[in-house]
$ cat work-v6.pdb   # PDB, C-alpha atoms
ATOM      1  CA  MET A 198      -2.613  60.882   2.082
ATOM      2  CA  THR A 199      -4.322  61.719  -1.206
ATOM      3  CA  SER A 200      -5.744  58.656  -2.895
ATOM      4  CA  THR A 201      -5.407  57.930  -6.602
ATOM      5  CA  ARG A 202      -9.168  58.175  -6.992
ATOM      6  CA  SER A 203      -9.417  61.597  -5.383
ATOM      7  CA  VAL A 204      -6.563  62.968  -7.505
ATOM      8  CA  LEU A 205      -8.242  61.707 -10.660
ATOM      9  CA  THR A 206     -11.617  63.035  -9.624
ATOM     10  CA  ARG A 207     -10.155  66.442  -8.846
ATOM     11  CA  VAL A 208      -8.347  66.812 -12.182
ATOM     12  CA  SER A 209     -11.262  65.337 -14.095
ATOM     13  CA  PHE A 210     -13.727  67.637 -12.397
ATOM     14  CA  ARG A 211     -11.620  70.748 -12.995
ATOM     15  CA  ARG A 212     -11.092  70.021 -16.704
ATOM     16  CA  THR A 213     -14.663  68.985 -17.417
ATOM     17  CA  TYR A 214     -15.998  71.960 -15.496
ATOM     18  CA  GLN A 215     -13.857  74.373 -17.525
ATOM     19  CA  ALA A 216     -15.048  72.891 -20.807
ATOM     20  CA  LYS A 217     -18.708  72.863 -19.756
ATOM     21  CA  ARG A 218     -18.455  76.474 -18.700
ATOM     22  CA  VAL A 219     -17.308  77.370 -22.220
ATOM     23  CA  ILE A 220     -20.368  75.633 -23.704
ATOM     24  CA  ARG A 221     -22.702  77.334 -21.229
ATOM     25  CA  ARG A 222     -21.229  80.755 -22.057
ATOM     26  CA  GLN A 223     -21.724  80.128 -25.736
ATOM     27  CA  ARG A 224     -25.340  79.115 -25.224
ATOM     28  CA  MET A 225     -26.151  82.143 -23.119
ATOM     29  CA  GLY A 226     -24.153  84.830 -24.865
ATOM     30  CA  GLN A 227     -24.332  84.174 -28.579
ATOM     31  CA  ARG A 228     -28.048  83.584 -29.119
ATOM     32  CA  PRO A 229     -29.259  87.035 -30.308
ATOM     33  CA  LYS A 230     -27.004  87.675 -33.304
ATOM     34  CA  PRO A 231     -28.609  86.521 -36.532
ATOM     35  CA  GLY A 232     -26.246  84.661 -38.820
ATOM     36  CA  SER A 233     -24.052  83.543 -36.006
ATOM     37  CA  ARG A 234     -25.539  80.067 -35.958
ATOM     38  CA  ARG A 235     -22.726  78.652 -38.066
ATOM     39  CA  LYS A 236     -20.199  80.239 -35.747
ATOM     40  CA  ASP A 237     -22.098  78.725 -32.816
ATOM     41  CA  SER A 238     -22.039  75.244 -34.200
ATOM     42  CA  LEU A 239     -18.342  75.551 -35.065
ATOM     43  CA  ALA A 240     -17.532  76.662 -31.523
ATOM     44  CA  LYS A 241     -19.679  73.884 -30.104
ATOM     45  CA  ARG A 242     -17.926  71.279 -32.234
ATOM     46  CA  ARG A 243     -14.555  72.671 -31.200
ATOM     47  CA  THR A 244     -15.493  72.483 -27.534
ATOM     48  CA  GLN A 245     -16.834  68.986 -27.872
ATOM     49  CA  GLY A 246     -13.613  67.982 -29.623
ATOM     50  CA  ARG A 247     -11.731  69.465 -26.703
ATOM     51  CA  LEU A 248     -13.875  67.464 -24.266
ATOM     52  CA  THR A 249     -13.125  64.277 -26.180
ATOM     53  CA  ARG A 250      -9.416  65.041 -26.060
ATOM     54  CA  ILE A 251      -9.632  65.718 -22.316
ATOM     55  CA  ARG A 252     -11.384  62.381 -21.751
ATOM     56  CA  HIS A 253      -8.660  60.659 -23.792
ATOM     57  CA  HIS A 254      -5.896  62.407 -21.834
ATOM     58  CA  LEU A 255      -7.550  61.588 -18.519
ATOM     59  CA  SER A 256      -7.223  57.926 -19.329
ATOM     60  CA  ASP A 257      -3.479  58.605 -19.808
ATOM     61  CA  LEU A 258      -3.352  60.076 -16.313
ATOM     62  CA  LYS A 259      -5.205  57.107 -14.926
ATOM     63  CA  ASP A 260      -2.758  54.723 -16.655
ATOM     64  CA  ALA A 261       0.249  56.605 -15.252
ATOM     65  CA  LEU A 262      -1.191  56.343 -11.734
ATOM     66  CA  ARG A 263      -1.782  52.641 -12.360
ATOM     67  CA  ASP A 264       1.909  52.271 -13.361
ATOM     68  CA  LEU A 265       2.770  53.848 -10.014
ATOM     69  CA  GLU A 266       0.814  51.167  -8.182
ATOM     70  CA  GLU A 267       2.967  48.539  -9.947
ATOM     71  CA  VAL A 268       6.298  50.149  -9.054
ATOM     72  CA  SER A 269       6.948  48.046  -5.921
ATOM     73  CA  ASP A 270       6.298  44.781  -7.756
ATOM     74  CA  ALA A 271       8.443  45.923 -10.692
ATOM     75  CA  ALA A 272      11.297  46.914  -8.352
ATOM     76  CA  ARG A 273      11.210  43.459  -6.747
ATOM     77  CA  GLU A 274      11.146  41.782 -10.170
ATOM     78  CA  GLU A 275      14.125  43.842 -11.336
ATOM     79  CA  GLU A 276      15.928  43.284  -8.023
ATOM     80  CA  LEU A 277      16.091  47.029  -7.394
ATOM     81  CA  GLN A 278      15.876  48.830  -4.081
ATOM     82  CA  GLU A 279      12.202  49.410  -3.324
ATOM     83  CA  PRO A 280      11.268  53.114  -3.225
ATOM     84  CA  SER A 281      10.212  54.541   0.135
ATOM     85  CA  GLU A 282       6.708  55.739   0.992
ATOM     86  CA  THR A 283       8.101  59.300   0.715
ATOM     87  CA  ALA A 284       9.077  58.679  -2.930
ATOM     88  CA  PHE A 285       5.593  57.302  -3.604
ATOM     89  CA  SER A 286       3.832  60.267  -2.066
ATOM     90  CA  VAL A 287       6.008  62.734  -4.032
ATOM     91  CA  ALA A 288       5.313  60.830  -7.273
ATOM     92  CA  ARG A 289       1.584  60.657  -6.492
ATOM     93  CA  ARG A 290       1.557  64.450  -6.185
ATOM     94  CA  LEU A 291       3.807  65.199  -9.177
ATOM     95  CA  ILE A 292       2.126  62.962 -11.774
ATOM     96  CA  PRO A 293      -1.109  65.028 -11.947
ATOM     97  CA  GLU A 294       0.891  68.281 -11.685
ATOM     98  CA  MET A 295       3.106  67.332 -14.630
ATOM     99  CA  TYR A 296       0.090  66.074 -16.507
ATOM    100  CA  SER A 297      -1.722  69.381 -16.054
ATOM    101  CA  ILE A 298       1.272  71.206 -17.620
ATOM    102  CA  SER A 299       1.744  68.755 -20.482
ATOM    103  CA  PRO A 300      -1.096  66.226 -20.849
ATOM    104  CA  ARG A 301       0.390  62.992 -22.172
ATOM    105  CA  ARG A 302       0.992  59.383 -21.211
ATOM    106  CA  PHE A 303       3.797  59.555 -18.641
ATOM    107  CA  MET A 304       5.493  56.221 -18.013
ATOM    108  CA  VAL A 305       6.110  55.535 -14.327
ATOM    109  CA  TYR A 306       8.642  52.906 -13.272
ATOM    110  CA  PRO A 307      11.360  52.138 -10.716
ATOM    111  CA  MET A 308      14.981  53.205 -11.204
ATOM    112  CA  PRO A 309      18.071  52.068  -9.294
ATOM    113  CA  GLU A 310      18.795  53.387  -5.774
ATOM    114  CA  GLY A 311      15.116  53.674  -4.804
ATOM    115  CA  TYR A 312      14.040  56.306  -7.331
ATOM    116  CA  ILE A 313      10.692  56.431  -9.140
ATOM    117  CA  ALA A 314      10.836  57.814 -12.696
ATOM    118  CA  ILE A 315       7.986  59.819 -14.260
ATOM    119  CA  ASP A 316       8.985  59.824 -17.906
ATOM    120  CA  GLY A 317       7.354  61.915 -20.655
ATOM    121  CA  ARG A 318       8.336  61.490 -24.307
ATOM    122  CA  SER A 319       7.708  63.209 -27.598
ATOM    123  CA  GLY A 320       9.088  61.454 -30.674
ATOM    124  CA  ASP A 321      12.573  60.002 -30.476
ATOM    125  CA  ASP A 322      14.289  63.248 -29.655
ATOM    126  CA  ARG A 323      12.509  64.688 -26.633
ATOM    127  CA  ALA A 324      12.195  63.364 -23.101
ATOM    128  CA  VAL A 325      11.619  64.819 -19.652
ATOM    129  CA  MET A 326      12.149  62.472 -16.727
ATOM    130  CA  MET A 327      11.366  63.450 -13.156
ATOM    131  CA  MET A 328      12.950  61.135 -10.610
ATOM    132  CA  CYS A 329      11.513  61.026  -7.107
ATOM    133  CA  GLY A 330      14.033  59.906  -4.493
ATOM    134  CA  SER A 331      13.443  57.927  -1.350
ATOM    135  CA  SER A 332      14.603  60.743   0.942
ATOM    136  CA  GLY A 333      12.265  63.285  -0.685
ATOM    137  CA  ASP A 334      14.938  64.491  -3.113
ATOM    138  CA  ALA A 335      14.359  64.704  -6.867
ATOM    139  CA  ARG A 336      16.101  65.009 -10.224
ATOM    140  CA  CYS A 337      14.798  66.333 -13.514
ATOM    141  CA  ILE A 338      16.629  64.893 -16.529
ATOM    142  CA  VAL A 339      15.888  66.550 -19.873
ATOM    143  CA  THR A 340      16.869  65.791 -23.465
ATOM    144  CA  ILE A 341      15.287  68.054 -26.079
ATOM    145  CA  ASP A 342      16.362  67.919 -29.727
ATOM    146  CA  GLY A 343      19.823  66.633 -28.841
ATOM    147  CA  GLU A 344      20.467  69.132 -26.053
ATOM    148  CA  ASP A 345      20.684  67.937 -22.458
ATOM    149  CA  ARG A 346      20.170  69.572 -19.116
ATOM    150  CA  ARG A 347      19.350  68.408 -15.627
ATOM    151  CA  ALA A 348      18.421  69.800 -12.233
ATOM    152  CA  ILE A 349      18.953  68.227  -8.827
ATOM    153  CA  TYR A 350      16.740  69.035  -5.852
ATOM    154  CA  SER A 351      17.387  68.155  -2.217
ATOM    155  CA  THR A 352      13.668  68.484  -1.588
ATOM    156  CA  SER A 353      10.754  68.195  -3.967
ATOM    157  CA  GLN A 354       8.357  70.450  -2.065
ATOM    158  CA  ARG A 355       8.502  73.329  -4.561
ATOM    159  CA  LEU A 356       8.224  71.171  -7.636
ATOM    160  CA  PRO A 357       7.262  71.595 -10.383
ATOM    161  CA  ASP A 358       9.408  74.748 -10.650
ATOM    162  CA  ASP A 359      10.205  76.879 -13.721
ATOM    163  CA  PHE A 360      12.889  74.447 -14.899
ATOM    164  CA  VAL A 361      10.421  71.566 -14.966
ATOM    165  CA  ARG A 362       7.617  73.657 -16.479
ATOM    166  CA  GLN A 363       9.819  74.902 -19.306
ATOM    167  CA  ALA A 364      11.098  71.386 -20.014
ATOM    168  CA  LEU A 365       7.549  70.003 -20.130
ATOM    169  CA  ASN A 366       6.430  72.786 -22.454
ATOM    170  CA  GLU A 367       9.403  72.071 -24.731
ATOM    171  CA  LEU A 368       8.230  68.477 -25.104
ATOM    172  CA  GLU A 369       5.576  69.993 -27.401
ATOM    173  CA  THR A 370       7.357  72.953 -28.906
ATOM    174  CA  GLY A 371      11.010  71.934 -29.042
ATOM    175  CA  LEU A 372      13.797  74.155 -27.696
ATOM    176  CA  VAL A 373      12.690  77.689 -26.804
TER
ATOM    177  CA  MET B  89      20.354  43.258 -41.252
ATOM    178  CA  SER B  90      23.657  41.476 -41.918
ATOM    179  CA  ASP B  91      23.868  37.724 -42.398
ATOM    180  CA  PRO B  92      24.916  35.797 -39.317
ATOM    181  CA  VAL B  93      28.663  35.256 -39.247
ATOM    182  CA  SER B  94      30.704  32.511 -37.641
ATOM    183  CA  GLU B  95      31.445  32.761 -33.928
ATOM    184  CA  ALA B  96      35.137  33.136 -34.665
ATOM    185  CA  ASP B  97      34.448  36.085 -36.971
ATOM    186  CA  ALA B  98      32.060  37.752 -34.547
ATOM    187  CA  ALA B  99      34.287  37.460 -31.498
ATOM    188  CA  GLY B 100      36.311  40.587 -31.097
ATOM    189  CA  SER B 101      35.412  42.169 -34.443
ATOM    190  CA  ALA B 102      34.946  45.928 -34.545
ATOM    191  CA  ILE B 103      31.363  47.108 -34.214
ATOM    192  CA  ALA B 104      30.067  48.913 -37.280
ATOM    193  CA  ASP B 105      27.791  51.965 -36.964
ATOM    194  CA  THR B 106      25.046  50.063 -38.748
ATOM    195  CA  GLU B 107      24.974  47.196 -36.247
ATOM    196  CA  GLU B 108      21.950  46.799 -33.989
ATOM    197  CA  LEU B 109      22.660  46.202 -30.315
ATOM    198  CA  GLY B 110      20.061  44.522 -28.117
ATOM    199  CA  ARG B 111      19.665  45.043 -24.389
ATOM    200  CA  GLY B 112      17.785  42.100 -22.874
ATOM    201  CA  VAL B 113      14.560  42.904 -20.986
ATOM    202  CA  PHE B 114      13.558  40.677 -18.056
ATOM    203  CA  SER B 115      10.862  42.765 -16.367
ATOM    204  CA  SER B 116       7.172  42.491 -17.272
ATOM    205  CA  GLN B 117       6.595  46.207 -16.639
ATOM    206  CA  GLN B 118       9.558  47.269 -18.793
ATOM    207  CA  ALA B 119       8.350  44.967 -21.594
ATOM    208  CA  ARG B 120       4.769  46.281 -21.433
ATOM    209  CA  LEU B 121       5.846  49.944 -21.447
ATOM    210  CA  SER B 122       8.324  49.297 -24.277
ATOM    211  CA  ARG B 123       5.630  47.683 -26.418
ATOM    212  CA  GLN B 124       3.109  50.449 -25.855
ATOM    213  CA  HIS B 125       4.895  53.721 -25.172
ATOM    214  CA  GLY B 126       8.678  53.551 -25.619
ATOM    215  CA  VAL B 127      11.667  51.959 -23.943
ATOM    216  CA  PRO B 128      11.972  53.132 -20.306
ATOM    217  CA  ALA B 129      15.298  54.668 -19.285
ATOM    218  CA  SER B 130      15.623  52.004 -16.576
ATOM    219  CA  VAL B 131      16.462  49.484 -19.328
ATOM    220  CA  SER B 132      19.694  51.320 -20.104
ATOM    221  CA  ARG B 133      20.493  52.363 -16.515
ATOM    222  CA  GLU B 134      22.866  50.181 -14.541
ATOM    223  CA  ARG B 135      23.397  50.583 -10.809
ATOM    224  CA  ASP B 136      25.314  53.674  -9.645
ATOM    225  CA  GLY B 137      28.954  53.670 -10.688
ATOM    226  CA  HIS B 138      28.659  50.877 -13.264
ATOM    227  CA  ARG B 139      30.268  51.957 -16.493
ATOM    228  CA  GLU B 140      29.377  49.037 -18.729
ATOM    229  CA  ILE B 141      25.945  48.190 -20.129
ATOM    230  CA  SER B 142      25.739  44.645 -21.396
ATOM    231  CA  VAL B 143      24.234  44.101 -24.887
ATOM    232  CA  ASP B 144      24.092  41.503 -27.671
ATOM    233  CA  ARG B 145      25.115  42.143 -31.255
ATOM    234  CA  LEU B 146      21.760  41.315 -32.806
ATOM    235  CA  SER B 147      22.884  42.053 -36.356
ATOM    236  CA  LEU B 148      25.445  39.256 -36.089
ATOM    237  CA  ALA B 149      23.900  36.742 -33.703
ATOM    238  CA  PRO B 150      21.612  34.079 -35.191
ATOM    239  CA  ILE B 151      18.217  34.735 -33.632
ATOM    240  CA  ASP B 152      17.891  31.343 -31.907
ATOM    241  CA  GLN B 153      21.331  31.846 -30.342
ATOM    242  CA  ALA B 154      20.317  35.340 -29.138
ATOM    243  CA  VAL B 155      17.124  33.924 -27.600
ATOM    244  CA  LYS B 156      19.091  31.139 -25.884
ATOM    245  CA  ASN B 157      21.449  33.735 -24.408
ATOM    246  CA  GLY B 158      18.485  35.719 -23.075
ATOM    247  CA  GLU B 159      16.869  32.643 -21.566
ATOM    248  CA  ALA B 160      20.149  31.607 -19.937
ATOM    249  CA  ILE B 161      20.430  35.028 -18.274
ATOM    250  CA  ALA B 162      16.808  34.809 -17.067
ATOM    251  CA  ARG B 163      17.471  31.336 -15.573
ATOM    252  CA  ALA B 164      20.633  32.583 -13.882
ATOM    253  CA  ARG B 165      18.673  35.431 -12.270
ATOM    254  CA  GLY B 166      16.126  33.178 -10.620
ATOM    255  CA  PRO B 167      13.440  30.542 -11.119
ATOM    256  CA  ASN B 168      10.599  32.949 -11.941
ATOM    257  CA  ARG B 169      12.488  35.264 -14.269
ATOM    258  CA  THR B 170      11.357  35.604 -17.878
ATOM    259  CA  PHE B 171      13.143  36.859 -20.965
ATOM    260  CA  TYR B 172      10.748  39.118 -22.927
ATOM    261  CA  GLY B 173      12.814  40.621 -25.730
ATOM    262  CA  TRP B 174      15.285  43.390 -26.450
ATOM    263  CA  ALA B 175      15.541  47.152 -26.444
ATOM    264  CA  VAL B 176      17.369  47.656 -29.736
ATOM    265  CA  ILE B 177      19.653  50.590 -30.436
ATOM    266  CA  PRO B 178      21.856  51.131 -33.478
ATOM    267  CA  ALA B 179      25.580  51.451 -32.676
ATOM    268  CA  VAL B 180      25.656  54.850 -34.394
ATOM    269  CA  ASP B 181      23.085  56.197 -31.902
ATOM    270  CA  VAL B 182      25.145  54.868 -28.988
ATOM    271  CA  ARG B 183      28.159  56.759 -30.312
ATOM    272  CA  ASN B 184      26.126  59.885 -31.017
ATOM    273  CA  ALA B 185      24.918  59.764 -27.409
ATOM    274  CA  GLY B 186      28.535  60.163 -26.300
ATOM    275  CA  CYS B 187      29.132  56.527 -25.319
ATOM    276  CA  ASP B 188      31.536  53.992 -26.712
ATOM    277  CA  VAL B 189      30.767  50.432 -27.716
ATOM    278  CA  GLU B 190      33.146  47.483 -27.801
ATOM    279  CA  ALA B 191      32.906  43.788 -28.586
ATOM    280  CA  ALA B 192      33.253  41.728 -25.405
ATOM    281  CA  PRO B 193      32.717  38.042 -26.224
ATOM    282  CA  LEU B 194      32.170  36.007 -23.077
ATOM    283  CA  ALA B 195      34.786  33.468 -22.036
ATOM    284  CA  ASP B 196      34.445  29.799 -23.023
ATOM    285  CA  GLY B 197      32.307  30.691 -26.026
ATOM    286  CA  ALA B 198      29.253  31.245 -23.790
ATOM    287  CA  ASN B 199      28.239  34.234 -25.900
ATOM    288  CA  PRO B 200      30.540  35.332 -28.737
ATOM    289  CA  TYR B 201      28.066  38.089 -29.684
ATOM    290  CA  HIS B 202      28.291  39.910 -26.384
ATOM    291  CA  ALA B 203      29.305  43.583 -26.347
ATOM    292  CA  ASN B 204      29.433  46.452 -23.867
ATOM    293  CA  ILE B 205      28.220  50.013 -24.131
ATOM    294  CA  ILE B 206      30.797  52.047 -22.221
ATOM    295  CA  LEU B 207      29.711  55.240 -20.469
ATOM    296  CA  PRO B 208      32.162  58.153 -20.248
ATOM    297  CA  ASP B 209      34.159  58.636 -17.006
ATOM    298  CA  ALA B 210      31.871  61.476 -15.881
ATOM    299  CA  ALA B 211      28.945  59.079 -15.521
ATOM    300  CA  VAL B 212      30.824  56.856 -13.069
ATOM    301  CA  THR B 213      31.096  59.488 -10.373
ATOM    302  CA  ASP B 214      27.917  61.452 -11.108
ATOM    303  CA  SER B 215      24.732  59.420 -10.874
ATOM    304  CA  SER B 216      22.607  62.147 -12.487
ATOM    305  CA  ALA B 217      24.966  62.044 -15.497
ATOM    306  CA  GLN B 218      24.377  58.291 -15.563
ATOM    307  CA  ASP B 219      20.621  59.010 -15.686
ATOM    308  CA  GLN B 220      21.177  61.417 -18.554
ATOM    309  CA  TYR B 221      23.043  58.803 -20.620
ATOM    310  CA  ALA B 222      20.334  56.254 -19.829
ATOM    311  CA  GLN B 223      17.740  58.706 -21.157
ATOM    312  CA  ARG B 224      19.731  59.484 -24.318
ATOM    313  CA  LEU B 225      20.045  55.779 -25.092
ATOM    314  CA  ALA B 226      16.426  54.952 -24.227
ATOM    315  CA  ILE B 227      14.851  57.532 -26.526
ATOM    316  CA  LYS B 228      16.773  56.109 -29.479
ATOM    317  CA  ALA B 229      15.890  52.503 -28.647
ATOM    318  CA  SER B 230      13.053  50.489 -30.135
ATOM    319  CA  TRP B 231      11.360  47.324 -28.912
ATOM    320  CA  LYS B 232      11.948  43.904 -30.407
ATOM    321  CA  GLU B 233       9.811  41.072 -29.088
ATOM    322  CA  ARG B 234      11.503  37.698 -28.697
ATOM    323  CA  PRO B 235      10.219  35.178 -31.251
TER
END

$ encode --input "work-v6.pdb" --output "C-alpha cells"
Amino acid sequence: MTSTRSVLTRVSFRRTYQAKRVIRRQRMGQRPKPGSRRKDSLAKRRTQGRLTRIRHHLSDLKDALRDLEEVSDAAREEELQEPSETAFSVARRLIPEMYSISPRRFMVYPMPEGYIAIDGRSGDDRAVMMMCGSSGDARCIVTIDGEDRRAIYSTSQRLPDDFVRQALNELETGLV
Amino acid sequence: MSDPVSEADAAGSAIADTEELGRGVFSSQQARLSRQHGVPASVSRERDGHREISVDRLSLAPIDQAVKNGEAIARARGPNRTFYGWAVIPAVDVRNAGCDVEAAPLADGANPYHANIILPDAAVTDSSAQDQYAQRLAIKASWKERP
C-alpha cells in the first residue's frame, strides 16, 4: 500500500523538480543577450511565485490526506457505516490525482453507506464530489453554475476519466 | 432577520423565501470543515431513501431556544455527542435546488420551530440523485457557530 508520506513526497518532488528545471533553463540559456536582464528577473520572480504557490497548494494536499486519516473516527461519531479498506485505498490514490488536475483544498469526509467523499469547491456555485465506495465502486457528483451531472462507476480503476477531468477543470473555468 | 414570534404563530406557518433554515451539526469534523472550507455535503445527506431533512427555522426561533433544541438532540444521540452549530441555508435556495420545505412543529411543543426539507420523489429511489441534492444544498449553505 502507498503511504501518505510517499504520495506527498512524490507529488512534491515532481512539482518542485519541474519548477527548478525552469529556473535552471533560464540561468543557462538567457545569459548572453544584453538587455535581457530585466526579462530574466521577471521570469525568475514569476517562477519563484509559482514555487510559493506550489508550496501553498502542497499543504492543501497534505490537509486533505489528513482529513482522510480522520474519516473512520468521523464515521463513528456520525454513526455512519465505516468505509472499507478498499474505499480508503481508492481515496488515497484519487486525492493526489484530483489534486494534480485541479490543485485546491479538497475536503475529505465520510458519507452514508460506507462512502468517502472527496469534495472540491469553487465559490458557492461550483462543486465536484468524488465518492469512493466500499466495494471499489465510485460516483462523481458535479454542480457547475447551476447545472448538474453525475457519473456512476462500478469500479474506480480507470479514474480519473475524462468526465472527472472536465468537471475538475470547470471548477476553475465554469461550464465549457 | 425577523423578530422571534410566538410559538403558536410559528407552528405551522408557511415558510417565507427569506427565512433561514438551520441544519444542526453534531460532528467535530463537519464543524471544522464548515468553519474553514465550506459545509460538507454529508450535512445535508440523510441515509439512503430518506426523503426528509430535519431543520430549524432560525429566523423565527429565539436563539436560546434553538440552542436548547440542538443540545437536546445531542443528548438524545449519546453521552459524548456535542452540538456545534448550524449549516444555514435560505429557504429560497432550498426551493431553487428543486426541494420543497414545510413547517413540521414537533408534537407536545418540543420544538415549534422544526421544519423539513423535502427531497423530490426521484431522490428516494436513486441514491446518486440524493447525493446530488445534498451537494446542491451544501454549496448554498453557510456556517453559523452556536453561541

$ atom_distance --input "work-v6.pdb" --atom1 "atom CA of B:Ser230" --atom2 "atom CA of B:Thr106"
14.8 Å

$ axis_aligned_box --input "work-v6.pdb" --around "stretch 191-209 of chain B" --padding-each-side "5 Å" --output "AutoDock Vina command-line options"
--center_x 31.4 --center_y 44.2 --center_z -23.3 --size_x 16.7 --size_y 38.8 --size_z 22.7

$ closest_residue --input "work-v6.pdb" --among "A:Glu274, A:Asp260, A:Asp342, A:Glu282" --to "chain B" --atoms "all atoms listed in the file"
A:Glu274

$ atom_distance --input "work-v6.pdb" --atom1 "atom CA of A:Met304" --atom2 "atom CA of A:Ala324"
11.0 Å

$ residues_around --input "work-v6.pdb" --residues "stretch 345-355 of chain A" --least-positions-apart "6" --cutoff "7 Å" --atoms "only C-alpha atoms" --output "MDAnalysis selection string"
chainID A and resid 333:339

$ resolve_selection --input "work-v6.pdb" --expression "the ChimeraX specification (/B :<7) & /A" --output "PyMOL selection string"
chain A and resi 271+274-275+308-309+321-322+338+340

$ build_atoms --input "work-v6.pdb" --residues "stretch 216-231 of chain B" --atoms "N, CA and C atoms" --output "JSON list (two decimals), keeping the file's coordinate frame"
[["chain", "number", "residue", "atom", "x", "y", "z"],
["B", 216, "SER", "N", 23.58, 61.46, -11.63],
["B", 216, "SER", "CA", 22.61, 62.15, -12.49],
["B", 216, "SER", "C", 23.09, 62.15, -13.94],
["B", 217, "ALA", "N", 24.42, 62.16, -14.13],
["B", 217, "ALA", "CA", 24.97, 62.04, -15.50],
["B", 217, "ALA", "C", 24.65, 60.65, -16.03],
["B", 218, "GLN", "N", 24.72, 59.67, -15.15],
["B", 218, "GLN", "CA", 24.38, 58.29, -15.56],
["B", 218, "GLN", "C", 22.91, 58.23, -16.02],
["B", 219, "ASP", "N", 22.04, 58.94, -15.29],
["B", 219, "ASP", "CA", 20.62, 59.01, -15.69],
["B", 219, "ASP", "C", 20.48, 59.64, -17.07],
["B", 220, "GLN", "N", 21.28, 60.70, -17.28],
["B", 220, "GLN", "CA", 21.18, 61.42, -18.55],
["B", 220, "GLN", "C", 21.57, 60.51, -19.73],
["B", 221, "TYR", "N", 22.64, 59.73, -19.55],
["B", 221, "TYR", "CA", 23.04, 58.80, -20.62],
["B", 221, "TYR", "C", 21.97, 57.72, -20.83],
["B", 222, "ALA", "N", 21.39, 57.27, -19.72],
["B", 222, "ALA", "CA", 20.33, 56.25, -19.83],
["B", 222, "ALA", "C", 19.18, 56.81, -20.66],
["B", 223, "GLN", "N", 18.84, 58.08, -20.42],
["B", 223, "GLN", "CA", 17.74, 58.71, -21.16],
["B", 223, "GLN", "C", 18.08, 58.86, -22.64],
["B", 224, "ARG", "N", 19.31, 59.32, -22.92],
["B", 224, "ARG", "CA", 19.73, 59.48, -24.32],
["B", 224, "ARG", "C", 19.63, 58.16, -25.07],
["B", 225, "LEU", "N", 20.08, 57.09, -24.43],
["B", 225, "LEU", "CA", 20.05, 55.78, -25.09],
["B", 225, "LEU", "C", 18.60, 55.29, -25.25],
["B", 226, "ALA", "N", 17.80, 55.49, -24.21],
["B", 226, "ALA", "CA", 16.43, 54.95, -24.23],
["B", 226, "ALA", "C", 15.58, 55.59, -25.32],
["B", 227, "ILE", "N", 15.74, 56.89, -25.54],
["B", 227, "ILE", "CA", 14.85, 57.53, -26.53],
["B", 227, "ILE", "C", 15.19, 57.09, -27.95],
["B", 228, "LYS", "N", 16.39, 56.58, -28.14],
["B", 228, "LYS", "CA", 16.77, 56.11, -29.48],
["B", 228, "LYS", "C", 16.49, 54.62, -29.66],
["B", 229, "ALA", "N", 16.09, 53.96, -28.58],
["B", 229, "ALA", "CA", 15.89, 52.50, -28.65],
["B", 229, "ALA", "C", 14.49, 52.15, -29.13],
["B", 230, "SER", "N", 14.38, 50.99, -29.74],
["B", 230, "SER", "CA", 13.05, 50.49, -30.14],
["B", 230, "SER", "C", 12.89, 49.07, -29.57],
["B", 231, "TRP", "N", 11.65, 48.61, -29.54],
["B", 231, "TRP", "CA", 11.36, 47.32, -28.91],
["B", 231, "TRP", "C", 11.39, 46.19, -29.95]]
